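Since the structure comes first, as structure tokens, the remarks are kept for the end.
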Amino acid sequence: MNRAWLSPVLWLVLDLATTAAGAHSASDAYLTLDAAGKDSPVVAHGEWDIALRDLDFVLKLDDDGDGRITWGELKHHQADIAHYAVARLVFVGRGAAADRVGKACAINLTRQQVAGHADGTYAALFFDVVCARPATSLHLHYDLFFDIDPSHRGILVMHSGDDVATALLSPEKASIDLPL
Amino acid sequence: MREPAPPGPVSARIYTAALNEERTMDSPSSRPFNVSLLLRLVLATALLLVTTARAQGIPDPVRAPFTPTRDSEVLQDVPAAHDPAVQAMRTLRAQLDAAPQSLAAAIALANAYIDYSRQIGDAHYAGYAEAVIAPWRTRAAPPASVLLTEATILQYRHQFTAARELLQRALRIDAHNGQAWLTLATLDMVQGDYPRVGKECAEVTNDAGLDVGLACLGNLRSYTGHAQQSLLLLGQAEAPSGDASPSYLAWVHGLLAESAERLGDWARAEADYRAALALLPQDNFLLVAYADFLLDRDRAREVLPLLAGHEQSDTAFLRIALAQAALHSPDVVRDTWIMGARFAALRQRGSEYFGREESRFALSLQHDPQAALDLALRNWQVQRAPWDARVVLEAAQAANDLRRATPVLDFVEQTHLEDPVIVPLAKLLRARLTAATAQLAP
């Protein structure tokens, strides 16, 4: 019998029956915001942790291809990472009730470090959200990796005084309004 | 995992974007609403994890943002460029980029991603596969091959209901698609609907050939009290008439090993695991199944070298932690913490397809039989393979809550499952349950 037409996937689906594996880490990024006060142009401070594994898939961080990303290699790509990430996050500041449309705020990167998470090392991007006009709320639109991996999720935590708000950002729910 | 800073639980306002459709926060108002139980749990776990980690001084890899000092410091393992699977994926990607309208190129790349995802136990590549077929998936009438690939991804994520729906749609378009029938058979096998599997294996035989049909049927027989017959059928499937690929042979050896385990023939099971791993040495599914075999044989020491380098896979990592526990290694504290953080991260993103593993984690590493039983029973609602039964029975025994194991005891008896661990345990629990009921009777 000729089974050349059978793809390897055929065998993958069946041994699910034998072992039916459970947990697999999928792609997550962690976006933490701290409201900085309504009177200052800097409305929030942010930290965005993005997995190096994901960044490697789109930006090829492993320069020598040895399967290990070193700090030297990562430093070499920090500008690319910043450019890639910032282009995929939008903040719009909204003021009084009359100000329905709002105005886009700038994302000013302050520094890049690395952070250890349970499933690997992440690039930690620190930034300020700077709005030219006074804002009482922020509209956030998140679009990281959805084009290459629709199962990616952004896990948002917003600190505002003593309050903590969290949200799960997905292709279906990529936007959220956050009171300041 | 470095969790977000601990929240003030009383004032916590939770905005769920994806967890609760009705509670979309589209308005800029700051109205608080009831925190969902799930998120409460996540936040509580996060808080607990942070506290525990601090108390125990958990070192790398879980740490707050820092700046490395040496350029040579390795931060992350990623697929190496010289890996043949990586090269194959790169070639397929280039072919798709050159012909973005080619469905065949897209399916080939998506299948390579899925296969790699499974091989290394990393769900990222299943997500990449999903993106590759997305342009066809969103069409009004997606082709059968796209529905089948999407179903495979959903099945990998244990989204069985959605996967079944897509497979049925694919079969309405292409009724003789052997791969779709086989995927459907697998799905029903995992969910314990054996009468349906029998019919589907017959379709597999018609549409994909006798060898694959025999393997399908052989696997089914191992679940329904005919493990001896299963070995014979799989033995025939193992010696196919034509040239068989290594992945086909590894798959059949994996099934043979499982059937041998059903019969308590440890020597044969081990020989087949080793034969399968000789063909696919890096395969996460096979490695994890063999690791479970070793753990059951009190051979935890062999698990650590077997799974070295596979820590990225959550299923492999759990077996490493279980082996450390069995060996009374001090590393078990750290591994338990990391595993717990990984489960918390999965829950945080709204995934819940890891019940069997999490139940074992709760029972053997967190020593919380009640939580283990809750997780195992919730998992039992969607998955009914032998290991799914086993985690319920073991947790029920440990929690001394036998009544709740009744649906599993009924299932084991009705399907005539053979298993040298599960069957004696089921008999013991049934006897204790019957005795307890008799005592209560007047």
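By convention here, the chains of the structure tokens are called A, B, ... in the order presented, each chain's residues are numbered starting at 1, and ligands are numbered starting at 1 in the order presented.
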Backbone-only DSSP, alpha helix (DSSP H) members of range 67-162 of chain A, as a PyMOL selection string = chain A and resi 71-76+78-86
Just need the residues of chain A within 6 Å of chain B, counting only C-alpha atoms, so spit them out as a VMD selection string.
-> chain A and resid 1 13 to 14 17 22 to 27 65 to 72 113 to 118 121 148 to 149 151 163 to 168 173 177 179
Go ahead and write the residues just picked, C-alpha atoms, as a compact mmCIF listing (two decimals), in the first residue's frame.
# COMPACT_ATOMS: atom_id res chain seq x y z
CA MET A 1 0.00 0.00 0.00
CA VAL A 13 -3.45 12.83 16.11
CA LEU A 14 -3.63 9.22 17.10
CA ALA A 17 -5.12 8.64 22.49
CA GLY A 22 -2.14 17.91 29.02
CA ALA A 23 -0.37 21.15 29.64
CA HIS A 24 1.55 23.04 27.01
CA SER A 25 2.78 26.57 27.44
CA ALA A 26 1.33 28.86 24.84
CA SER A 27 2.35 32.43 24.10
CA GLY A 65 21.78 29.83 15.26
CA ASP A 66 23.16 27.67 18.07
CA GLY A 67 19.77 27.42 19.76
CA ARG A 68 20.71 29.74 22.63
CA ILE A 69 19.98 33.44 22.94
CA THR A 70 22.73 35.19 24.88
CA TRP A 71 22.66 38.62 26.46
CA GLY A 72 25.10 39.80 23.81
CA GLN A 113 15.94 44.56 30.88
CA VAL A 114 15.19 40.86 31.06
CA ALA A 115 12.80 39.06 33.41
CA GLY A 116 12.52 35.41 34.39
CA HIS A 117 9.10 33.78 34.10
CA ALA A 118 8.14 30.17 34.80
CA THR A 121 13.11 34.47 29.89
CA ILE A 148 1.52 35.20 13.62
CA ASP A 149 -0.20 33.41 16.53
CA SER A 151 -3.59 32.06 20.44
CA ASP A 163 -7.15 49.38 42.75
CA VAL A 164 -5.97 46.59 40.52
CA ALA A 165 -7.67 45.73 37.25
CA THR A 166 -6.73 42.80 35.08
CA ALA A 167 -7.75 41.89 31.55
CA LEU A 168 -6.99 39.19 29.05
CA LYS A 173 -10.89 41.49 22.55
CA ASP A 177 -10.81 51.34 28.27
CA PRO A 179 -9.96 54.80 33.91
